[in-house]
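Encoded as structure tokens, the structure appears first; notes follow it.
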Amino acid sequence: MNTITQLSSRREFLRQSALLAGSAIVSANAFGNIQIGKKTKVIVIGGGFAGLAAAYALRKKNVDVTVIESRNRLGGRVFSHVIDPVQNLTVELGAEWVGNSHTRIRELCDEFKLELLNNQFDTHLIYKNQYSKTTDWDFSDDWKGKFKVLLKQYQTMTDQDKLHLDQMDWWRYLVNNGCEGKDLILRELLDSTDFGESIRHVSAFIALATFAESSEKNEMDLKIKNGNAQLAKKLAEQIGQENIFTGHKVTKIEQKENVIVHCENGKTFEADKLICAIPTFAIKNIQWEPGMPDEKTRALNELQYARINKNALLFNKRFWEAENFDMITDQVPHYFYHATKNQPSAKGVLISYTIGEKAELIANQNDEWRKEMIHQTLNPFFGDVRGMLQSQANYYWGTDNISQGAYAMYGINQWHTTRPALQKPFLHTHFAGEHLADWQGFMEGALVSGETAALEVIGA
Ligand SMILES: Cc1cc2nc3c(=O)[nH]c(=O)nc-3n(C[C@H](O)[C@H](O)[C@H](O)COP(=O)(O)OP(=O)(O)OC[C@H]3O[C@@H](n4cnc5c(N)ncnc54)[C@H](O)[C@@H]3O)c2cc1C
């Protein structure tokens with residue numbers, strides 16, 4: 001289980017490493033003369049969790065805030081989808097799990113009376129054409145012992161050790177520490193679902209810190225009843241619909257004495273300050289006047305995002321039986337989980353969750369092809385399930401025209417160089433989004449980054 005001490009120790013290191021890199025977050029009041037009480041105007045670009053949390057925090061401080069969102073819906077990469085309107089079965093095409101350690105999102109759910117339901121699973125396995133139930137497979141005792149030691153060692157690592165660790169990828173680190181054979185393959189299959197790409201691309205520091213600091217089920221703990229997008233709805237109600245403009249894509253930002261934001265549909269908005277709460281690909285698609293500093297442009301060009309495909313399969317029967325069913329496989333559909341846990345119905349949804357090239361491959365095919373792929377994997381162990389399949393919903397984040405990826409993936413030596421450069425304010429603009437957060441890649445991180453930007457803007 002996670003402890004607060006562990007978490008704060010990691011946060012502390014991250015802050016210090018930013019300082020070491022000579023690019024600490026510039027404090028907001030260095031930029032402006034804004035005072036609370038005076039009618040300050042702030043524009044927030046992005047109606048995802050980061051932007052909405054920023055706008056809500058500002059509204060609470062009586063700041064005049066406008067949210068501009070390019071899609072026709074709020075929530076961004078939180079994308080709840082009703083796959084069966086008659087039975088009201090809702091699945092997540094974006095973010096799924098709220099972690100037990102994610103205190104801010106849990107507080108907000110509490111504040112808005114949103115119920116958090118248990119969304120933990122016990123993992124089955126298909127490996128080399130053999131199916132094992134959750135209790136019938138495990139890592140070898142040798143590797144379990146070694147891994148335990150590594151997690152323990154992390155707690156006493158110095159900052160220098162951590163910087164050193166960041167020079168290596170997770171696959172290499174595991175190999176160097178005696179992980180091999182089936183253990184290594186299982187780690188690749190499991191851990192790559194967390195990071196969204198092969199563990200050969202992920203910084204060893206990010207991975208070890210994640211596993212050492214996460215909850216027992218690796219933050220795959222809870223989900224908001226009726227869909228995670230309920231939180232976006234509640235935040236929007238507090239911000240006020242009249243202050244939110246969906247279907248408005250920002251194309252140009254001018255920063256002089258104030259900020260002028262131009263949208264594709266010809267509308268313009270003016271404000272004293274700007275919070276830019278959008279992914280890096282979207283930042284780069286905006287024409288900035290004046291242009292971004294070189295350091296920021298370089299960082300924007302460096303950061304990669306993970307490719308994730310979610311293929312939701314609606315069946316007229318829950319043939320997997322256990323409500324807490326999930327399964328890792330070494331086949332194309334990669335990882336399955338029961339996406340309608342806690343939603344009473346005879347029908348149910350399995351999501352095939354794929355990463356990297358598998359994700360791209362599946363996304364490029366049609367529903368018929370995907371049906372046959374699922375059949376090929378499941379048939380030997382669950383029988384022919386094709387007759388039970390009613391419909392599919394598929395979403396591939398790798399070609400999402402706004403983010404071109406699911407979430408940021410920090411590679412070797414990027415966390416304490418690329419991230420601080422992206423965090424730095426630029427003239428009247430402050431930045432927010434999951435890619436900048438300590439809980440990077442999570443809804444929690446997005447929310448906290450938005451609230452942090454709001455504080456920066458009002459100089460608190
Ligand atoms: C497949 C997948 C699985 C995930 N699983 C989990 C999970 O289990 N648990 C978890 O906590 N997190 C998970 N996440 C991550 C989580 O979804 C993100 O961390 C979080 O939602 C990001 O929020 P954000 O506000 O930073 O960005 P976004 O949600 O991307 O919001 C940015 C918003 O800005 C808008 N925008 C962009 N450009 C412009 C423009 N030019 N003009 C106007 N608006 C613009 C976008 O449309 C978008 O709505 C997952 C994400 C994906 C994709």
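Residue numbering restarts at 1 for every chain of the structure tokens, chains are lettered A, B, ... in their displayed order, and ligands are numbered from 1 as they appear.
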Identify, with DSSP run on backbone atoms, the residues in range 34-237 of chain A assigned to strand (DSSP E or B), and express the list as an mmCIF file with all heavy atoms, in the first residue's frame.
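Dumped to selection_18.cif:
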```
data_model
loop_
_atom_site.group_PDB
_atom_site.id
_atom_site.type_symbol
_atom_site.label_atom_id
_atom_site.label_comp_id
_atom_site.auth_asym_id
_atom_site.auth_seq_id
_atom_site.Cartn_x
_atom_site.Cartn_y
_atom_site.Cartn_z
ATOM 1 N N ILE A 36 -6.640 39.957 -6.746
ATOM 2 C CA ILE A 36 -7.978 39.395 -6.560
ATOM 3 C C ILE A 36 -8.893 40.544 -6.141
ATOM 4 O O ILE A 36 -8.506 41.407 -5.366
ATOM 5 C CB ILE A 36 -7.977 38.313 -5.475
ATOM 6 C CG1 ILE A 36 -6.828 37.354 -5.750
ATOM 7 C CG2 ILE A 36 -9.283 37.563 -5.411
ATOM 8 C CD1 ILE A 36 -6.506 36.485 -4.578
ATOM 9 N N LYS A 38 -10.091 42.899 -8.107
ATOM 10 C CA LYS A 38 -10.142 43.639 -9.362
ATOM 11 C C LYS A 38 -10.666 42.646 -10.379
ATOM 12 O O LYS A 38 -10.336 41.469 -10.311
ATOM 13 C CB LYS A 38 -8.698 44.017 -9.728
ATOM 14 C CG LYS A 38 -8.569 45.070 -10.769
ATOM 15 C CD LYS A 38 -7.099 45.376 -10.938
ATOM 16 C CE LYS A 38 -6.802 45.602 -12.403
ATOM 17 N NZ LYS A 38 -5.558 45.072 -12.839
ATOM 18 N N LYS A 41 -9.599 39.085 -15.930
ATOM 19 C CA LYS A 41 -10.185 38.187 -16.932
ATOM 20 C C LYS A 41 -9.167 37.115 -17.294
ATOM 21 O O LYS A 41 -8.026 37.430 -17.636
ATOM 22 C CB LYS A 41 -10.565 38.973 -18.193
ATOM 23 C CG LYS A 41 -11.866 39.719 -18.055
ATOM 24 C CD LYS A 41 -12.324 40.270 -19.381
ATOM 25 C CE LYS A 41 -13.119 39.218 -20.122
ATOM 26 N NZ LYS A 41 -14.000 39.764 -21.142
ATOM 27 N N VAL A 42 -9.591 35.886 -17.239
ATOM 28 C CA VAL A 42 -8.713 34.776 -17.605
ATOM 29 C C VAL A 42 -9.416 33.908 -18.640
ATOM 30 O O VAL A 42 -10.598 33.591 -18.497
ATOM 31 C CB VAL A 42 -8.352 33.911 -16.372
ATOM 32 C CG1 VAL A 42 -7.437 32.750 -16.778
ATOM 33 C CG2 VAL A 42 -7.674 34.749 -15.291
ATOM 34 N N ILE A 43 -8.674 33.532 -19.668
ATOM 35 C CA ILE A 43 -9.187 32.546 -20.625
ATOM 36 C C ILE A 43 -8.492 31.221 -20.348
ATOM 37 O O ILE A 43 -7.277 31.178 -20.137
ATOM 38 C CB ILE A 43 -8.898 32.985 -22.082
ATOM 39 C CG1 ILE A 43 -9.744 34.210 -22.434
ATOM 40 C CG2 ILE A 43 -9.195 31.845 -23.064
ATOM 41 C CD1 ILE A 43 -9.392 34.829 -23.775
ATOM 42 N N VAL A 44 -9.290 30.159 -20.350
ATOM 43 C CA VAL A 44 -8.724 28.807 -20.235
ATOM 44 C C VAL A 44 -8.967 28.108 -21.563
ATOM 45 O O VAL A 44 -10.112 28.010 -22.014
ATOM 46 C CB VAL A 44 -9.406 28.019 -19.093
ATOM 47 C CG1 VAL A 44 -8.898 26.579 -19.075
ATOM 48 C CG2 VAL A 44 -9.180 28.695 -17.748
ATOM 49 N N ILE A 45 -7.898 27.641 -22.183
ATOM 50 C CA ILE A 45 -8.072 26.858 -23.413
ATOM 51 C C ILE A 45 -8.046 25.388 -23.033
ATOM 52 O O ILE A 45 -7.057 24.899 -22.467
ATOM 53 C CB ILE A 45 -6.965 27.131 -24.446
ATOM 54 C CG1 ILE A 45 -6.874 28.626 -24.724
ATOM 55 C CG2 ILE A 45 -7.253 26.384 -25.748
ATOM 56 C CD1 ILE A 45 -5.787 28.971 -25.725
ATOM 57 N N GLY A 48 -10.849 19.887 -20.864
ATOM 58 C CA GLY A 48 -10.565 18.601 -20.218
ATOM 59 C C GLY A 48 -10.522 18.828 -18.715
ATOM 60 O O GLY A 48 -10.864 19.912 -18.219
ATOM 61 N N ASP A 64 -13.109 36.398 -13.394
ATOM 62 C CA ASP A 64 -13.921 36.286 -14.606
ATOM 63 C C ASP A 64 -13.222 35.307 -15.561
ATOM 64 O O ASP A 64 -12.140 35.598 -16.076
ATOM 65 C CB ASP A 64 -14.004 37.698 -15.217
ATOM 66 C CG ASP A 64 -14.855 37.741 -16.459
ATOM 67 O OD1 ASP A 64 -15.166 36.670 -17.015
ATOM 68 O OD2 ASP A 64 -15.197 38.865 -16.872
ATOM 69 N N VAL A 65 -13.823 34.154 -15.781
ATOM 70 C CA VAL A 65 -13.132 33.124 -16.554
ATOM 71 C C VAL A 65 -13.984 32.624 -17.725
ATOM 72 O O VAL A 65 -15.197 32.499 -17.621
ATOM 73 C CB VAL A 65 -12.694 31.957 -15.627
ATOM 74 C CG1 VAL A 65 -13.864 31.219 -15.032
ATOM 75 C CG2 VAL A 65 -11.771 30.995 -16.334
ATOM 76 N N THR A 66 -13.300 32.382 -18.845
ATOM 77 C CA THR A 66 -13.961 31.841 -20.037
ATOM 78 C C THR A 66 -13.209 30.586 -20.465
ATOM 79 O O THR A 66 -11.982 30.609 -20.574
ATOM 80 C CB THR A 66 -13.878 32.872 -21.196
ATOM 81 O OG1 THR A 66 -14.512 34.067 -20.760
ATOM 82 C CG2 THR A 66 -14.568 32.352 -22.448
ATOM 83 N N VAL A 67 -13.945 29.499 -20.696
ATOM 84 C CA VAL A 67 -13.321 28.249 -21.155
ATOM 85 C C VAL A 67 -13.607 28.088 -22.643
ATOM 86 O O VAL A 67 -14.757 28.210 -23.080
ATOM 87 C CB VAL A 67 -13.884 27.029 -20.390
ATOM 88 C CG1 VAL A 67 -13.280 25.727 -20.921
ATOM 89 C CG2 VAL A 67 -13.626 27.168 -18.889
ATOM 90 N N ILE A 68 -12.555 27.821 -23.408
ATOM 91 C CA ILE A 68 -12.722 27.606 -24.851
ATOM 92 C C ILE A 68 -12.311 26.175 -25.182
ATOM 93 O O ILE A 68 -11.175 25.764 -24.891
ATOM 94 C CB ILE A 68 -11.869 28.606 -25.661
ATOM 95 C CG1 ILE A 68 -12.180 30.040 -25.204
ATOM 96 C CG2 ILE A 68 -12.148 28.453 -27.149
ATOM 97 C CD1 ILE A 68 -11.368 31.098 -25.907
ATOM 98 N N GLY A 75 -14.597 17.292 -21.288
ATOM 99 C CA GLY A 75 -13.997 16.073 -20.707
ATOM 100 C C GLY A 75 -12.710 15.665 -21.398
ATOM 101 O O GLY A 75 -11.876 15.009 -20.794
ATOM 102 N N SER A 80 -16.706 9.212 -21.639
ATOM 103 C CA SER A 80 -17.677 8.165 -21.272
ATOM 104 C C SER A 80 -18.657 8.014 -22.420
ATOM 105 O O SER A 80 -19.165 9.008 -22.947
ATOM 106 C CB SER A 80 -18.411 8.549 -19.984
ATOM 107 O OG SER A 80 -17.482 8.856 -18.963
ATOM 108 N N HIS A 81 -18.944 6.766 -22.765
ATOM 109 C CA HIS A 81 -19.770 6.503 -23.950
ATOM 110 C C HIS A 81 -20.871 5.504 -23.594
ATOM 111 O O HIS A 81 -20.589 4.426 -23.057
ATOM 112 C CB HIS A 81 -18.855 5.928 -25.050
ATOM 113 C CG HIS A 81 -19.582 5.380 -26.222
ATOM 114 N ND1 HIS A 81 -20.242 6.186 -27.132
ATOM 115 C CD2 HIS A 81 -19.766 4.098 -26.656
ATOM 116 C CE1 HIS A 81 -20.777 5.422 -28.079
ATOM 117 N NE2 HIS A 81 -20.510 4.158 -27.811
ATOM 118 N N VAL A 82 -22.119 5.867 -23.880
ATOM 119 C CA VAL A 82 -23.234 4.947 -23.625
ATOM 120 C C VAL A 82 -23.305 3.986 -24.803
ATOM 121 O O VAL A 82 -23.697 4.357 -25.901
ATOM 122 C CB VAL A 82 -24.558 5.718 -23.442
ATOM 123 C CG1 VAL A 82 -25.712 4.734 -23.203
ATOM 124 C CG2 VAL A 82 -24.445 6.705 -22.289
ATOM 125 N N ILE A 83 -22.925 2.741 -24.547
ATOM 126 C CA ILE A 83 -22.830 1.769 -25.648
ATOM 127 C C ILE A 83 -24.173 1.047 -25.831
ATOM 128 O O ILE A 83 -24.479 0.568 -26.911
ATOM 129 C CB ILE A 83 -21.669 0.769 -25.395
ATOM 130 C CG1 ILE A 83 -21.341 -0.022 -26.663
ATOM 131 C CG2 ILE A 83 -21.921 -0.149 -24.231
ATOM 132 C CD1 ILE A 83 -20.014 -0.783 -26.589
ATOM 133 N N ASP A 84 -24.983 1.006 -24.776
ATOM 134 C CA ASP A 84 -26.329 0.434 -24.882
ATOM 135 C C ASP A 84 -27.308 1.385 -24.198
ATOM 136 O O ASP A 84 -27.461 1.360 -22.973
ATOM 137 C CB ASP A 84 -26.370 -0.953 -24.231
ATOM 138 C CG ASP A 84 -27.717 -1.633 -24.442
ATOM 139 O OD1 ASP A 84 -28.749 -0.924 -24.400
ATOM 140 O OD2 ASP A 84 -27.758 -2.851 -24.634
ATOM 141 N N LEU A 89 -25.828 1.158 -20.467
ATOM 142 C CA LEU A 89 -24.483 0.645 -20.178
ATOM 143 C C LEU A 89 -23.453 1.649 -20.695
ATOM 144 O O LEU A 89 -23.458 2.001 -21.879
ATOM 145 C CB LEU A 89 -24.281 -0.720 -20.841
ATOM 146 C CG LEU A 89 -25.165 -1.852 -20.309
ATOM 147 C CD1 LEU A 89 -24.934 -3.132 -21.105
ATOM 148 C CD2 LEU A 89 -24.919 -2.099 -18.823
ATOM 149 N N THR A 90 -22.612 2.085 -19.774
ATOM 150 C CA THR A 90 -21.650 3.142 -20.102
ATOM 151 C C THR A 90 -20.230 2.590 -20.024
ATOM 152 O O THR A 90 -19.885 1.918 -19.049
ATOM 153 C CB THR A 90 -21.793 4.310 -19.101
ATOM 154 O OG1 THR A 90 -23.159 4.718 -19.101
ATOM 155 C CG2 THR A 90 -20.914 5.489 -19.466
ATOM 156 N N VAL A 91 -19.425 2.885 -21.025
ATOM 157 C CA VAL A 91 -18.022 2.458 -20.993
ATOM 158 C C VAL A 91 -17.122 3.680 -21.169
ATOM 159 O O VAL A 91 -17.561 4.729 -21.651
ATOM 160 C CB VAL A 91 -17.713 1.422 -22.109
ATOM 161 C CG1 VAL A 91 -18.503 0.145 -21.892
ATOM 162 C CG2 VAL A 91 -17.955 1.986 -23.500
ATOM 163 N N GLU A 92 -15.884 3.499 -20.782
ATOM 164 C CA GLU A 92 -14.915 4.594 -20.901
ATOM 165 C C GLU A 92 -14.028 4.347 -22.122
ATOM 166 O O GLU A 92 -13.312 3.350 -22.168
ATOM 167 C CB GLU A 92 -14.032 4.674 -19.643
ATOM 168 C CG GLU A 92 -14.783 4.873 -18.333
ATOM 169 C CD GLU A 92 -15.537 6.187 -18.248
ATOM 170 O OE1 GLU A 92 -15.220 7.109 -19.029
ATOM 171 O OE2 GLU A 92 -16.451 6.281 -17.406
ATOM 172 N N VAL A 98 -9.859 5.532 -11.275
ATOM 173 C CA VAL A 98 -9.461 6.514 -10.264
ATOM 174 C C VAL A 98 -8.655 5.732 -9.228
ATOM 175 O O VAL A 98 -9.110 4.701 -8.743
ATOM 176 C CB VAL A 98 -10.705 7.140 -9.597
ATOM 177 C CG1 VAL A 98 -10.314 7.997 -8.401
ATOM 178 C CG2 VAL A 98 -11.508 7.958 -10.614
ATOM 179 N N LEU A 116 -18.093 6.825 -6.055
ATOM 180 C CA LEU A 116 -16.967 6.074 -6.635
ATOM 181 C C LEU A 116 -17.173 4.595 -6.345
ATOM 182 O O LEU A 116 -17.336 4.200 -5.187
ATOM 183 C CB LEU A 116 -15.650 6.558 -6.016
ATOM 184 C CG LEU A 116 -15.114 7.865 -6.588
ATOM 185 C CD1 LEU A 116 -14.053 8.473 -5.675
ATOM 186 C CD2 LEU A 116 -14.527 7.658 -7.985
ATOM 187 N N LEU A 117 -17.180 3.807 -7.407
ATOM 188 C CA LEU A 117 -17.437 2.368 -7.253
ATOM 189 C C LEU A 117 -16.139 1.590 -7.400
ATOM 190 O O LEU A 117 -15.252 1.998 -8.163
ATOM 191 C CB LEU A 117 -18.432 1.908 -8.320
ATOM 192 C CG LEU A 117 -19.787 2.630 -8.318
ATOM 193 C CD1 LEU A 117 -20.622 2.188 -9.515
ATOM 194 C CD2 LEU A 117 -20.545 2.357 -7.017
ATOM 195 N N ASN A 118 -16.089 0.469 -6.703
ATOM 196 C CA ASN A 118 -14.895 -0.377 -6.807
ATOM 197 C C ASN A 118 -14.729 -0.881 -8.241
ATOM 198 O O ASN A 118 -15.664 -1.416 -8.835
ATOM 199 C CB ASN A 118 -15.031 -1.572 -5.844
ATOM 200 C CG ASN A 118 -13.831 -2.496 -5.947
ATOM 201 O OD1 ASN A 118 -13.611 -3.136 -6.973
ATOM 202 N ND2 ASN A 118 -13.042 -2.555 -4.897
ATOM 203 N N ASP A 122 -9.212 -9.030 -10.894
ATOM 204 C CA ASP A 122 -8.240 -10.096 -10.659
ATOM 205 C C ASP A 122 -7.871 -10.692 -12.014
ATOM 206 O O ASP A 122 -8.750 -11.119 -12.773
ATOM 207 C CB ASP A 122 -8.837 -11.169 -9.734
ATOM 208 C CG ASP A 122 -8.847 -10.680 -8.286
ATOM 209 O OD1 ASP A 122 -8.065 -9.751 -7.973
ATOM 210 O OD2 ASP A 122 -9.632 -11.206 -7.493
ATOM 211 N N THR A 123 -6.591 -10.730 -12.275
ATOM 212 C CA THR A 123 -6.126 -10.931 -13.649
ATOM 213 C C THR A 123 -5.921 -12.400 -14.027
ATOM 214 O O THR A 123 -5.181 -13.120 -13.365
ATOM 215 C CB THR A 123 -4.807 -10.145 -13.845
ATOM 216 O OG1 THR A 123 -5.017 -8.799 -13.414
ATOM 217 C CG2 THR A 123 -4.370 -10.147 -15.298
ATOM 218 N N HIS A 124 -6.583 -12.793 -15.123
ATOM 219 C CA HIS A 124 -6.379 -14.113 -15.735
ATOM 220 C C HIS A 124 -5.273 -13.956 -16.791
ATOM 221 O O HIS A 124 -4.863 -12.832 -17.107
ATOM 222 C CB HIS A 124 -7.685 -14.597 -16.383
ATOM 223 C CG HIS A 124 -8.819 -14.730 -15.408
ATOM 224 N ND1 HIS A 124 -9.602 -15.855 -15.314
ATOM 225 C CD2 HIS A 124 -9.321 -13.880 -14.457
ATOM 226 C CE1 HIS A 124 -10.511 -15.696 -14.368
ATOM 227 N NE2 HIS A 124 -10.368 -14.503 -13.837
ATOM 228 N N LEU A 125 -4.846 -15.092 -17.344
ATOM 229 C CA LEU A 125 -3.721 -15.029 -18.285
ATOM 230 C C LEU A 125 -3.907 -16.001 -19.448
ATOM 231 O O LEU A 125 -4.304 -17.154 -19.231
ATOM 232 C CB LEU A 125 -2.423 -15.383 -17.537
ATOM 233 C CG LEU A 125 -1.151 -15.526 -18.383
ATOM 234 C CD1 LEU A 125 -0.646 -14.159 -18.851
ATOM 235 C CD2 LEU A 125 -0.038 -16.235 -17.582
ATOM 236 N N ILE A 126 -3.631 -15.515 -20.656
ATOM 237 C CA ILE A 126 -3.422 -16.431 -21.785
ATOM 238 C C ILE A 126 -1.975 -16.238 -22.212
ATOM 239 O O ILE A 126 -1.570 -15.131 -22.597
ATOM 240 C CB ILE A 126 -4.373 -16.143 -22.961
ATOM 241 C CG1 ILE A 126 -5.820 -16.464 -22.592
ATOM 242 C CG2 ILE A 126 -3.961 -16.977 -24.186
ATOM 243 C CD1 ILE A 126 -6.831 -16.110 -23.674
ATOM 244 N N TYR A 127 -1.201 -17.323 -22.106
ATOM 245 C CA TYR A 127 0.218 -17.238 -22.445
ATOM 246 C C TYR A 127 0.612 -18.521 -23.161
ATOM 247 O O TYR A 127 0.346 -19.623 -22.658
ATOM 248 C CB TYR A 127 1.041 -17.063 -21.158
ATOM 249 C CG TYR A 127 2.533 -17.058 -21.365
ATOM 250 C CD1 TYR A 127 3.156 -15.975 -21.992
ATOM 251 C CD2 TYR A 127 3.314 -18.122 -20.942
ATOM 252 C CE1 TYR A 127 4.534 -15.965 -22.184
ATOM 253 C CE2 TYR A 127 4.697 -18.117 -21.124
ATOM 254 C CZ TYR A 127 5.297 -17.035 -21.752
ATOM 255 O OH TYR A 127 6.649 -17.025 -21.943
ATOM 256 N N GLN A 130 -2.055 -21.125 -23.506
ATOM 257 C CA GLN A 130 -2.571 -21.753 -22.291
ATOM 258 C C GLN A 130 -3.326 -20.719 -21.489
ATOM 259 O O GLN A 130 -2.859 -19.586 -21.334
ATOM 260 C CB GLN A 130 -1.418 -22.276 -21.453
ATOM 261 C CG GLN A 130 -1.142 -23.748 -21.693
ATOM 262 C CD GLN A 130 -0.529 -24.383 -20.472
ATOM 263 O OE1 GLN A 130 0.336 -23.762 -19.851
ATOM 264 N NE2 GLN A 130 -0.958 -25.588 -20.132
ATOM 265 N N TYR A 131 -4.489 -21.107 -20.995
ATOM 266 C CA TYR A 131 -5.295 -20.189 -20.197
ATOM 267 C C TYR A 131 -5.137 -20.513 -18.715
ATOM 268 O O TYR A 131 -5.258 -21.674 -18.317
ATOM 269 C CB TYR A 131 -6.767 -20.317 -20.613
ATOM 270 C CG TYR A 131 -7.738 -19.619 -19.699
ATOM 271 C CD1 TYR A 131 -7.670 -18.238 -19.506
ATOM 272 C CD2 TYR A 131 -8.732 -20.322 -19.032
ATOM 273 C CE1 TYR A 131 -8.562 -17.596 -18.662
ATOM 274 C CE2 TYR A 131 -9.629 -19.686 -18.191
ATOM 275 C CZ TYR A 131 -9.539 -18.313 -18.009
ATOM 276 O OH TYR A 131 -10.423 -17.678 -17.172
ATOM 277 N N SER A 132 -4.836 -19.518 -17.911
ATOM 278 C CA SER A 132 -4.730 -19.729 -16.454
ATOM 279 C C SER A 132 -5.655 -18.758 -15.744
ATOM 280 O O SER A 132 -5.640 -17.555 -16.035
ATOM 281 C CB SER A 132 -3.313 -19.457 -15.956
ATOM 282 O OG SER A 132 -2.381 -20.184 -16.700
ATOM 283 N N ASP A 169 16.343 2.652 -19.779
ATOM 284 C CA ASP A 169 14.936 2.275 -19.979
ATOM 285 C C ASP A 169 14.544 1.151 -19.025
ATOM 286 O O ASP A 169 15.409 0.459 -18.469
ATOM 287 C CB ASP A 169 14.675 1.881 -21.435
ATOM 288 C CG ASP A 169 15.410 0.630 -21.832
ATOM 289 O OD1 ASP A 169 14.954 -0.457 -21.423
ATOM 290 O OD2 ASP A 169 16.441 0.725 -22.534
ATOM 291 N N SER A 203 11.315 5.420 -19.331
ATOM 292 C CA SER A 203 12.400 5.666 -18.374
ATOM 293 C C SER A 203 12.275 4.722 -17.165
ATOM 294 O O SER A 203 11.185 4.542 -16.609
ATOM 295 C CB SER A 203 12.335 7.128 -17.910
ATOM 296 O OG SER A 203 12.714 7.253 -16.556
ATOM 297 N N LEU A 222 -10.912 2.469 -8.716
ATOM 298 C CA LEU A 222 -12.274 2.983 -8.618
ATOM 299 C C LEU A 222 -12.751 3.560 -9.947
ATOM 300 O O LEU A 222 -11.946 3.778 -10.857
ATOM 301 C CB LEU A 222 -12.313 4.119 -7.570
ATOM 302 C CG LEU A 222 -11.795 3.784 -6.165
ATOM 303 C CD1 LEU A 222 -11.412 5.057 -5.428
ATOM 304 C CD2 LEU A 222 -12.845 3.009 -5.390
ATOM 305 N N LYS A 223 -14.042 3.821 -10.030
ATOM 306 C CA LYS A 223 -14.584 4.519 -11.219
ATOM 307 C C LYS A 223 -15.815 5.302 -10.780
ATOM 308 O O LYS A 223 -16.540 4.870 -9.880
ATOM 309 C CB LYS A 223 -14.947 3.497 -12.288
ATOM 310 C CG LYS A 223 -15.491 4.115 -13.563
ATOM 311 C CD LYS A 223 -15.329 3.218 -14.767
ATOM 312 C CE LYS A 223 -16.455 2.247 -14.944
ATOM 313 N NZ LYS A 223 -16.368 1.529 -16.217
ATOM 314 N N ILE A 224 -16.072 6.432 -11.432
ATOM 315 C CA ILE A 224 -17.232 7.243 -11.057
ATOM 316 C C ILE A 224 -18.503 6.597 -11.613
ATOM 317 O O ILE A 224 -18.555 6.235 -12.793
ATOM 318 C CB ILE A 224 -17.086 8.693 -11.581
ATOM 319 C CG1 ILE A 224 -15.836 9.350 -10.977
ATOM 320 C CG2 ILE A 224 -18.334 9.511 -11.273
ATOM 321 C CD1 ILE A 224 -15.515 10.742 -11.512
#
```
For chain A versus ligand 1, which residues have an atom no more than 7 Å away, and what is each residue's nearest atom pair and distance in Å rounded to one decimal, using only C-alpha atoms and all ligand atoms, chain-then-number order, as CSV?
```
residue,atom,partner,partner_atom_place_in_ligand_line,distance
A:Ile45,CA,ligand 1,43 (C),5.3
A:Gly46,CA,ligand 1,34 (O),3.2
A:Gly47,CA,ligand 1,49 (O),4.6
A:Gly48,CA,ligand 1,31 (O),3.3
A:Phe49,CA,ligand 1,25 (O),4.0
A:Ala50,CA,ligand 1,25 (O),3.7
A:Gly51,CA,ligand 1,25 (O),5.6
A:Ile68,CA,ligand 1,43 (C),5.3
A:Glu69,CA,ligand 1,44 (N),3.7
A:Ser70,CA,ligand 1,44 (N),3.9
A:Arg71,CA,ligand 1,47 (O),4.9
A:Leu74,CA,ligand 1,49 (O),5.9
A:Gly75,CA,ligand 1,49 (O),5.6
A:Gly76,CA,ligand 1,49 (O),3.2
A:Arg77,CA,ligand 1,29 (O),3.8
A:Val78,CA,ligand 1,21 (O),4.8
A:Leu93,CA,ligand 1,1 (C),6.2
A:Gly94,CA,ligand 1,2 (C),4.0
A:Ala95,CA,ligand 1,6 (C),3.4
A:Glu96,CA,ligand 1,8 (O),3.7
A:Trp97,CA,ligand 1,8 (O),3.7
A:Val98,CA,ligand 1,11 (O),5.3
A:Gly99,CA,ligand 1,11 (O),7.0
A:Met220,CA,ligand 1,8 (O),6.7
A:His248,CA,ligand 1,43 (C),5.8
A:Lys249,CA,ligand 1,42 (N),3.8
A:Val250,CA,ligand 1,42 (N),3.8
A:Thr251,CA,ligand 1,41 (N),5.7
A:Ala277,CA,ligand 1,32 (C),5.8
A:Ile278,CA,ligand 1,32 (C),4.2
A:Pro279,CA,ligand 1,30 (O),5.8
A:Ala282,CA,ligand 1,38 (N),4.6
A:Ile283,CA,ligand 1,38 (N),6.8
A:Ile286,CA,ligand 1,41 (N),6.3
A:Ile308,CA,ligand 1,1 (C),5.4
A:Asn309,CA,ligand 1,1 (C),6.5
A:Lys310,CA,ligand 1,1 (C),6.4
A:Trp397,CA,ligand 1,53 (C),6.0
A:Ile402,CA,ligand 1,37 (C),5.5
A:Ser403,CA,ligand 1,30 (O),6.5
A:Gly405,CA,ligand 1,53 (C),6.9
A:Ala406,CA,ligand 1,53 (C),3.5
A:Tyr407,CA,ligand 1,51 (C),5.8
A:Ala432,CA,ligand 1,26 (O),6.7
A:Gly433,CA,ligand 1,26 (O),3.2
A:Glu434,CA,ligand 1,26 (O),4.0
A:His435,CA,ligand 1,26 (O),6.7
A:Gln440,CA,ligand 1,19 (O),6.7
A:Gly441,CA,ligand 1,19 (O),4.2
A:Phe442,CA,ligand 1,11 (O),3.3
A:Met443,CA,ligand 1,11 (O),3.8
A:Glu444,CA,ligand 1,11 (O),5.8
A:Gly445,CA,ligand 1,19 (O),6.5
A:Ala446,CA,ligand 1,26 (O),4.5
```
Inset, instruction - Write out as a PyMOL selection string each polymer residue whose atoms come within 9 Å of Phe431 in chain A, counting only C-alpha atoms; drop sequence neighbours fewer than 5 positions from it. - result: chain A and resi 274-278+422-426+436+449-450+453
Inset, instruction - Please provide as a PyMOL selection string all residues within 10 Å of Val202 in chain A, with the sequence filter that same-chain residues fewer than 6 positions apart are discarded (counting only C-alpha atoms). - result: chain A and resi 166+168-172+191-192+195-196+409-413
